[in-house]
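S.K.: Sharing start-v6.pdb here; it has PDB, C-alpha atoms.
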```
ATOM      1  CA  MET A   1      16.606 -23.708  33.657
ATOM      2  CA  PRO A   2      18.031 -25.502  30.628
ATOM      3  CA  ILE A   3      17.092 -24.098  27.226
ATOM      4  CA  PRO A   4      14.604 -26.484  25.567
ATOM      5  CA  GLY A   5      16.048 -28.328  22.617
ATOM      6  CA  ASP A   6      12.841 -28.431  20.627
ATOM      7  CA  GLY A   7      12.257 -24.694  20.311
ATOM      8  CA  ARG A   8      11.350 -23.301  16.908
ATOM      9  CA  PRO A   9      13.515 -20.449  15.618
ATOM     10  CA  ILE A  10      11.903 -17.061  15.123
ATOM     11  CA  ASP A  11      11.255 -16.276  11.486
ATOM     12  CA  ARG A  12      13.618 -13.343  11.007
ATOM     13  CA  THR A  13      12.048 -12.417   7.675
ATOM     14  CA  LEU A  14       8.627 -12.249   9.300
ATOM     15  CA  LEU A  15      10.014 -10.070  12.098
ATOM     16  CA  ARG A  16      11.636  -7.668   9.629
ATOM     17  CA  ASN A  17       8.454  -7.424   7.598
ATOM     18  CA  ASN A  18       6.311  -6.822  10.679
ATOM     19  CA  VAL A  19       8.569  -4.027  11.867
ATOM     20  CA  TYR A  20       8.631  -2.451   8.412
ATOM     21  CA  GLU A  21       4.849  -2.621   8.089
ATOM     22  CA  ARG A  22       4.284  -1.049  11.512
ATOM     23  CA  LEU A  23       6.610   1.838  10.752
ATOM     24  CA  ARG A  24       5.298   2.253   7.206
ATOM     25  CA  ASP A  25       1.709   2.421   8.442
ATOM     26  CA  ALA A  26       2.650   4.895  11.172
ATOM     27  CA  VAL A  27       4.075   7.237   8.525
ATOM     28  CA  VAL A  28       1.157   6.775   6.135
ATOM     29  CA  ASP A  29      -1.544   7.343   8.766
ATOM     30  CA  GLY A  30       0.198  10.373  10.217
ATOM     31  CA  THR A  31       1.203   8.866  13.560
ATOM     32  CA  PHE A  32       4.665  10.119  12.611
ATOM     33  CA  ALA A  33       4.225  13.557  11.087
ATOM     34  CA  PRO A  34       6.309  15.077   8.275
ATOM     35  CA  GLY A  35       9.521  16.481   9.686
ATOM     36  CA  GLU A  36       9.402  14.318  12.802
ATOM     37  CA  GLN A  37      12.713  12.768  13.779
ATOM     38  CA  LEU A  38      12.756   8.981  14.121
ATOM     39  CA  LYS A  39      15.295   7.474  16.507
ATOM     40  CA  ASP A  40      15.967   3.773  16.128
ATOM     41  CA  VAL A  41      16.395   3.342  19.894
ATOM     42  CA  ASP A  42      12.973   4.831  20.616
ATOM     43  CA  LEU A  43      11.329   2.879  17.800
ATOM     44  CA  ALA A  44      12.896  -0.385  18.971
ATOM     45  CA  THR A  45      11.567   0.216  22.471
ATOM     46  CA  TRP A  46       8.116   1.044  21.126
ATOM     47  CA  LEU A  47       7.973  -2.137  19.042
ATOM     48  CA  GLY A  48       9.758  -4.367  21.560
ATOM     49  CA  VAL A  49      12.462  -5.452  19.139
ATOM     50  CA  SER A  50      16.189  -4.917  18.690
ATOM     51  CA  ARG A  51      17.542  -1.954  16.747
ATOM     52  CA  THR A  52      18.616  -4.096  13.770
ATOM     53  CA  PRO A  53      15.163  -4.714  12.193
ATOM     54  CA  VAL A  54      14.260  -1.084  12.892
ATOM     55  CA  ARG A  55      17.325   0.137  11.008
ATOM     56  CA  GLU A  56      16.533  -2.210   8.126
ATOM     57  CA  ALA A  57      12.956  -0.925   8.038
ATOM     58  CA  LEU A  58      14.112   2.687   7.982
ATOM     59  CA  LEU A  59      16.356   1.926   5.025
ATOM     60  CA  ARG A  60      13.374   0.463   3.155
ATOM     61  CA  LEU A  61      11.289   3.505   4.019
ATOM     62  CA  ALA A  62      14.073   5.755   2.760
ATOM     63  CA  ALA A  63      14.143   3.835  -0.546
ATOM     64  CA  SER A  64      10.412   4.536  -0.888
ATOM     65  CA  GLY A  65      10.879   8.192  -0.068
ATOM     66  CA  LEU A  66       8.792   8.099   3.110
ATOM     67  CA  VAL A  67      11.721   9.104   5.287
ATOM     68  CA  VAL A  68      14.917  11.020   4.728
ATOM     69  CA  ALA A  69      17.959   9.323   6.224
ATOM     70  CA  GLN A  70      21.227  11.118   6.871
ATOM     71  CA  PRO A  71      23.822   8.488   7.832
ATOM     72  CA  GLY A  72      25.329   9.179  11.206
ATOM     73  CA  LYS A  73      22.930  12.065  11.832
ATOM     74  CA  SER A  74      19.183  11.598  11.833
ATOM     75  CA  THR A  75      16.199  10.111  10.080
ATOM     76  CA  THR A  76      13.100  12.240   9.598
ATOM     77  CA  VAL A  77       9.695  11.683   8.071
ATOM     78  CA  SER A  78       9.629  13.222   4.613
ATOM     79  CA  ALA A  79       7.219  15.941   3.581
ATOM     80  CA  ILE A  80       4.615  15.038   0.985
ATOM     81  CA  ASP A  81       6.344  16.064  -2.221
ATOM     82  CA  ASP A  82       4.257  16.717  -5.335
ATOM     83  CA  ARG A  83       6.829  15.345  -7.754
ATOM     84  CA  ALA A  84       7.453  12.198  -5.706
ATOM     85  CA  VAL A  85       3.721  11.510  -5.428
ATOM     86  CA  ARG A  86       3.202  12.122  -9.141
ATOM     87  CA  ASP A  87       6.047   9.782 -10.064
ATOM     88  CA  ALA A  88       4.817   7.049  -7.719
ATOM     89  CA  ARG A  89       1.230   7.472  -8.923
ATOM     90  CA  ASP A  90       2.254   7.056 -12.564
ATOM     91  CA  VAL A  91       4.237   3.904 -11.765
ATOM     92  CA  LEU A  92       1.359   2.416  -9.770
ATOM     93  CA  ALA A  93      -1.090   3.195 -12.564
ATOM     94  CA  ALA A  94       1.095   1.353 -15.078
ATOM     95  CA  MET A  95       1.595  -1.659 -12.781
ATOM     96  CA  HIS A  96      -2.126  -2.038 -12.030
ATOM     97  CA  GLN A  97      -2.950  -1.604 -15.701
ATOM     98  CA  LEU A  98      -0.544  -4.434 -16.518
ATOM     99  CA  ALA A  99      -1.885  -6.684 -13.771
ATOM    100  CA  VAL A 100      -5.494  -6.248 -14.888
ATOM    101  CA  ARG A 101      -4.781  -6.630 -18.597
ATOM    102  CA  GLU A 102      -2.859  -9.859 -18.058
ATOM    103  CA  THR A 103      -5.288 -11.473 -15.605
ATOM    104  CA  VAL A 104      -8.799 -10.629 -16.829
ATOM    105  CA  ALA A 105      -8.934 -13.908 -18.748
ATOM    106  CA  ILE A 106      -7.962 -15.997 -15.704
ATOM    107  CA  LEU A 107      -9.779 -14.259 -12.854
ATOM    108  CA  THR A 108     -12.105 -16.766 -11.213
ATOM    109  CA  ASP A 109     -15.630 -16.213  -9.955
ATOM    110  CA  ASP A 110     -14.191 -16.227  -6.432
ATOM    111  CA  ASP A 111     -11.716 -13.514  -7.462
ATOM    112  CA  LEU A 112     -14.521 -11.351  -8.815
ATOM    113  CA  ASP A 113     -16.607 -11.970  -5.698
ATOM    114  CA  ARG A 114     -13.687 -10.833  -3.542
ATOM    115  CA  MET A 115     -13.434  -7.639  -5.570
ATOM    116  CA  ARG A 116     -17.179  -7.018  -5.213
ATOM    117  CA  ALA A 117     -17.049  -7.660  -1.464
ATOM    118  CA  ALA A 118     -14.081  -5.326  -1.126
ATOM    119  CA  ASN A 119     -15.938  -2.570  -2.961
ATOM    120  CA  ARG A 120     -18.982  -3.016  -0.733
ATOM    121  CA  SER A 121     -16.696  -2.653   2.281
ATOM    122  CA  PHE A 122     -15.041   0.356   0.653
ATOM    123  CA  SER A 123     -18.398   2.036  -0.012
ATOM    124  CA  ALA A 124     -19.558   1.430   3.557
ATOM    125  CA  ALA A 125     -16.286   2.791   4.950
ATOM    126  CA  ILE A 126     -16.527   5.947   2.835
ATOM    127  CA  ALA A 127     -20.114   6.499   3.980
ATOM    128  CA  ALA A 128     -19.034   6.062   7.606
ATOM    129  CA  GLY A 129     -15.999   8.311   7.238
ATOM    130  CA  ASP A 130     -13.678   5.449   8.211
ATOM    131  CA  VAL A 131     -10.568   6.266   6.192
ATOM    132  CA  ASP A 132      -8.502   3.362   7.544
ATOM    133  CA  ALA A 133     -11.171   0.839   6.560
ATOM    134  CA  ALA A 134     -11.575   2.503   3.158
ATOM    135  CA  LEU A 135      -7.859   2.248   2.449
ATOM    136  CA  ALA A 136      -7.789  -1.405   3.531
ATOM    137  CA  ALA A 137     -10.761  -2.295   1.329
ATOM    138  CA  ASP A 138      -9.338  -0.376  -1.639
ATOM    139  CA  GLU A 139      -6.037  -2.197  -1.244
ATOM    140  CA  GLU A 140      -7.767  -5.579  -1.045
ATOM    141  CA  LEU A 141      -9.755  -4.918  -4.223
ATOM    142  CA  HIS A 142      -6.746  -3.926  -6.300
ATOM    143  CA  ALA A 143      -4.639  -6.723  -4.844
ATOM    144  CA  VAL A 144      -6.827  -9.412  -6.433
ATOM    145  CA  PRO A 145      -5.466  -9.014  -9.995
ATOM    146  CA  VAL A 146      -1.947  -8.455  -8.643
ATOM    147  CA  ARG A 147      -2.043 -11.754  -6.756
ATOM    148  CA  ALA A 148      -3.503 -13.498  -9.794
ATOM    149  CA  LEU A 149      -0.660 -12.148 -11.926
ATOM    150  CA  GLY A 150       1.966 -13.601  -9.583
ATOM    151  CA  ASN A 151       4.687 -11.291 -10.886
ATOM    152  CA  LYS A 152       7.155 -10.691  -8.044
ATOM    153  CA  ALA A 153       8.696  -7.691  -9.765
ATOM    154  CA  VAL A 154       5.319  -5.958 -10.035
ATOM    155  CA  ALA A 155       4.517  -6.798  -6.411
ATOM    156  CA  ALA A 156       7.868  -5.383  -5.276
ATOM    157  CA  VAL A 157       7.334  -2.115  -7.144
ATOM    158  CA  LEU A 158       3.846  -1.720  -5.676
ATOM    159  CA  ASP A 159       5.153  -2.488  -2.198
ATOM    160  CA  GLN A 160       7.852   0.154  -2.527
ATOM    161  CA  PHE A 161       5.877   3.012  -4.011
ATOM    162  CA  GLY A 162       2.315   2.252  -2.918
ATOM    163  CA  PRO A 163       2.739   3.864   0.527
ATOM    164  CA  VAL A 164       3.828   7.153  -1.075
ATOM    165  CA  VAL A 165       0.481   7.366  -2.848
ATOM    166  CA  ARG A 166      -1.482   6.074   0.144
ATOM    167  CA  ARG A 167      -0.503   9.168   2.125
ATOM    168  CA  VAL A 168      -2.362  11.297  -0.424
ATOM    169  CA  GLU A 169      -5.243   8.846  -0.757
ATOM    170  CA  ARG A 170      -5.962   9.289   2.944
ATOM    171  CA  MET A 171      -6.723  12.938   2.232
ATOM    172  CA  ARG A 172      -8.841  12.059  -0.775
ATOM    173  CA  PHE A 173     -10.928   9.445   1.031
ATOM    174  CA  ALA A 174     -11.373  11.719   4.035
ATOM    175  CA  SER A 175     -13.298  14.164   1.858
ATOM    176  CA  SER A 176     -14.847  11.989  -0.843
ATOM    177  CA  GLY A 177     -14.582   8.523  -2.299
ATOM    178  CA  THR A 178     -17.857   8.005  -4.132
ATOM    179  CA  ALA A 179     -16.189   8.387  -7.535
ATOM    180  CA  SER A 180     -13.848   5.535  -6.609
ATOM    181  CA  VAL A 181     -16.823   3.308  -5.746
ATOM    182  CA  ASP A 182     -18.203   3.864  -9.244
ATOM    183  CA  ALA A 183     -14.795   3.288 -10.849
ATOM    184  CA  HIS A 184     -14.428   0.022  -8.929
ATOM    185  CA  ASP A 185     -17.866  -1.106 -10.097
ATOM    186  CA  GLU A 186     -16.911  -0.371 -13.696
ATOM    187  CA  LEU A 187     -13.602  -2.190 -13.320
ATOM    188  CA  ILE A 188     -15.283  -5.289 -11.891
ATOM    189  CA  ALA A 189     -17.965  -5.293 -14.578
ATOM    190  CA  LEU A 190     -15.357  -5.130 -17.345
ATOM    191  CA  CYS A 191     -13.317  -7.886 -15.703
ATOM    192  CA  ALA A 192     -16.443 -10.061 -15.487
ATOM    193  CA  ALA A 193     -17.113  -9.370 -19.176
ATOM    194  CA  ARG A 194     -13.509 -10.427 -19.956
ATOM    195  CA  ASP A 195     -12.815  -7.059 -21.577
ATOM    196  CA  ALA A 196      -9.088  -6.933 -20.916
ATOM    197  CA  GLU A 197      -8.362  -3.632 -22.653
ATOM    198  CA  GLY A 198     -11.381  -1.870 -21.201
ATOM    199  CA  ALA A 199     -10.645  -3.082 -17.683
ATOM    200  CA  ALA A 200      -6.960  -2.188 -18.007
ATOM    201  CA  ALA A 201      -7.871   1.340 -19.117
ATOM    202  CA  VAL A 202     -10.142   1.806 -16.095
ATOM    203  CA  ALA A 203      -7.475   0.424 -13.761
ATOM    204  CA  PHE A 204      -4.938   2.873 -15.156
ATOM    205  CA  GLU A 205      -7.250   5.874 -14.923
ATOM    206  CA  THR A 206      -8.358   4.977 -11.391
ATOM    207  CA  TRP A 207      -4.800   5.453 -10.197
ATOM    208  CA  HIS A 208      -3.652   8.078 -12.671
ATOM    209  CA  SER A 209      -6.558  10.396 -11.816
ATOM    210  CA  LEU A 210      -5.409  10.689  -8.211
ATOM    211  CA  PRO A 211      -4.866  14.415  -7.649
ATOM    212  CA  VAL A 212      -1.442  15.445  -6.424
ATOM    213  CA  VAL A 213      -1.285  17.727  -3.414
ATOM    214  CA  THR A 214       0.011  21.166  -4.372
TER     215      THR A 214
END
```
Rewrite the coordinates I just gave you, this time as C-alpha cells.

M.R.:
Amino acid sequence: MPIPGDGRPIDRTLLRNNVYERLRDAVVDGTFAPGEQLKDVDLATWLGVSRTPVREALLRLAASGLVVAQPGKSTTVSAIDDRAVRDARDVLAAMHQLAVRETVAILTDDDLDRMRAANRSFSAAIAAGDVDAALAADEELHAVPVRALGNKAVAAVLDQFGPVVRRVERMRFASSGTASVDAHDELIALCAARDAEGAAAVAFETWHSLPVVT
C-alpha cells in the first residue's frame, strides 16, 4: 500500500534517550552483571531497535564508567571501582549542594510538597524492602531543586555520574535507609525555613556520606 503522507517522524532524540535509559538501568540494577559482555546485535534485538542507538548508548555508558569499551573488540560491564564511585560521589555532592543553595529562596510550596511526598514514598519503600521504589523516590526528591535551578550543565553532570553512585546506593538501601529518611526530613525543613546554607550543607553531606564499597 502507499506510504501515508501525513505520518509523523519518529523523534530520534527520544529513541536514543529511551535506549540509553534502558541499558543504563539494566547495568545499575544488576540485570547486566560486572564483567558481562554486551553485544550491540543482541541488545538491539532485545530492545527492538537498530544497532545505531545501541552503539550511541554504549558510548554514553562508557563515558560514565559503567561499561568498558574496547573499539573493534568488546564492551563489558565495568566492575564497581572504589575510586570511580568516590569521585562520582564527590561531584554529585557538590552539584546537589549548589542546586539547593541557589534554589531555597525560590522553591514553591508545591516543590516542597513534592519533596515531602517523595520522602514518604521513600520511607515506605525502605520499610517494604523495595529497593527500586526507594531509588526512584530518592531521585525524585533530589530532582526538585535541580529542576528549579534549571542549569543544564549541572543536569548533564548528574545524568552522567549519577548512575555510578546509584549502583552503590542499591546496596545501601537494600540493608538500611532510615538515616536517609531523617536526612531528607532535615533537608526539607531547612528548605521550608529558607535556610540556604543549612540546607546546602545537609544536601552535600547526604551524598558525601555515602560509603564506598571496598

S.K.: Using only C-alpha atoms, determine which residues lie at most 12 Å from A:Val168, disregarding the query and same-chain residues fewer than 6 positions distant; provide the list as a PyMOL selection string.

M.R.: chain A and resi 27-30+79-82+84-86+88-89+131+135+162+174-175+207+210-214

S.K.: Suppose a student applies the PyMOL selection byres ((chain A and resi 64) around 9) to this structure; what residues should they get, written as a list in words?

M.R.: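 After applying the PyMOL selection byres ((chain A and resi 64) around 9), what remains is Leu59, Arg60, Leu61, Ala62, Ala63, Gly65, Leu66, Val67, Asp159, Gln160, Phe161, Gly162, Pro163 and Val164 of chain A.
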
S.K.: Do you know which residues are at most 8 Å from A:His208 counting all atoms listed in the file, after dropping those on the same chain fewer than 2 positions away, and could you put them as a list of chain:residue names?

M.R.: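 Selected residues are A:Arg89, A:Asp90, A:Ala93, A:Phe204, A:Glu205, A:Thr206, A:Leu210.
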
S.K.: The PyMOL selection byres ((chain A and resi 77) around 9) on the file shown: which residues, as a ChimeraX atom specification?

M.R.: /A:27,32-38,65-69,75-76,78-79

S.K.: Between atom CA of A:Asn151 and atom CA of A:Val91, what is the distance, to one decimal in Å?

M.R.: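 Atom CA of A:Asn151 sits 15.2 Å away from atom CA of A:Val91.
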
S.K.: What gap, in Å, lies between atom CA of A:Val144 and atom CA of A:Arg114?

M.R.: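 Atom CA of A:Val144 sits 7.6 Å away from atom CA of A:Arg114.
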
S.K.: Translate the PyMOL selection byres ((chain A and resi 118-126) around 10), as applied to the file shown, into an explicit residue set as a ChimeraX atom specification.

M.R.: /A:112-117,127-142,144,173-178,180-185,188

S.K.: Interatomic distance between atom CA of A:Arg24 and atom CA of A:Gly150?

M.R.: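 Going from atom CA of A:Arg24 over to atom CA of A:Gly150, I get 23.3 Å.
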
S.K.: Of the residues A:Val157, A:Ala148, A:Met171, A:Cys191, which is the one nearest to A:Ala94, using only C-alpha atoms?

M.R.: A:Val157

S.K.: Taking all atoms listed in the file into account, which of A:Arg166, A:Arg55, A:Arg22, A:His96 comes nearest A:Leu187?

M.R.: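 That would be A:His96, the residue with the smallest distance to A:Leu187.
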
S.K.: Of the candidates A:Arg172, A:Arg167, A:Arg101, A:Arg194, which shows the shortest atom-to-atom distance to A:Val146, using only C-alpha atoms?

M.R.: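 The closest residue to A:Val146 is A:Arg101.
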
S.K.: Nearest residue to A:Thr108 out of A:Pro145, A:Ala57, A:Leu23, A:Lys39, using all atoms listed in the file?

M.R.: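 Among the listed residues, A:Pro145 lies closest to A:Thr108.
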
S.K.: For A:Ser209, which of A:Val104, A:Leu47, A:Ala189, A:Glu169 is the closest residue, counting only C-alpha atoms?

M.R.: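 Of the candidates, the smallest distance to A:Ser209 is held by A:Glu169.
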
S.K.: Given the choices A:Val165, A:Arg16, A:Thr52, A:Lys73, which gets closest to A:Asp87 if the distance is worked out from all atoms listed in the file?

M.R.: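 So, comparing all the options, the nearest one is A:Val165.
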
S.K.: Around stretch 163-174 of chain A, fit a box with edges along x, y and z, padding it by 3 Å on each side, then list its centre and edge lengths in Å to one decimal as AutoDock Vina command-line options.

M.R.:
```
--center_x -3.8 --center_y 8.4 --center_z 0.6 --size_x 21.2 --size_y 15.1 --size_z 12.9
```

S.K.: What lies within 8 Å of A:Arg51 using only C-alpha atoms, ignoring chain neighbours under 4 positions off, as a VMD selection string?

M.R.: chain A and resid 40 to 41 43 to 44 55

S.K.: Okay, now the selection with C-alpha atoms, as a compact mmCIF listing (two decimals), keeping the file's coordinate frame?

M.R.:
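This is the output file result_3.txt:
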```txt
# COMPACT_ATOMS: atom_id res chain seq x y z
CA ASP A 40 15.97 3.77 16.13
CA VAL A 41 16.40 3.34 19.89
CA LEU A 43 11.33 2.88 17.80
CA ALA A 44 12.90 -0.38 18.97
CA ARG A 55 17.32 0.14 11.01
```
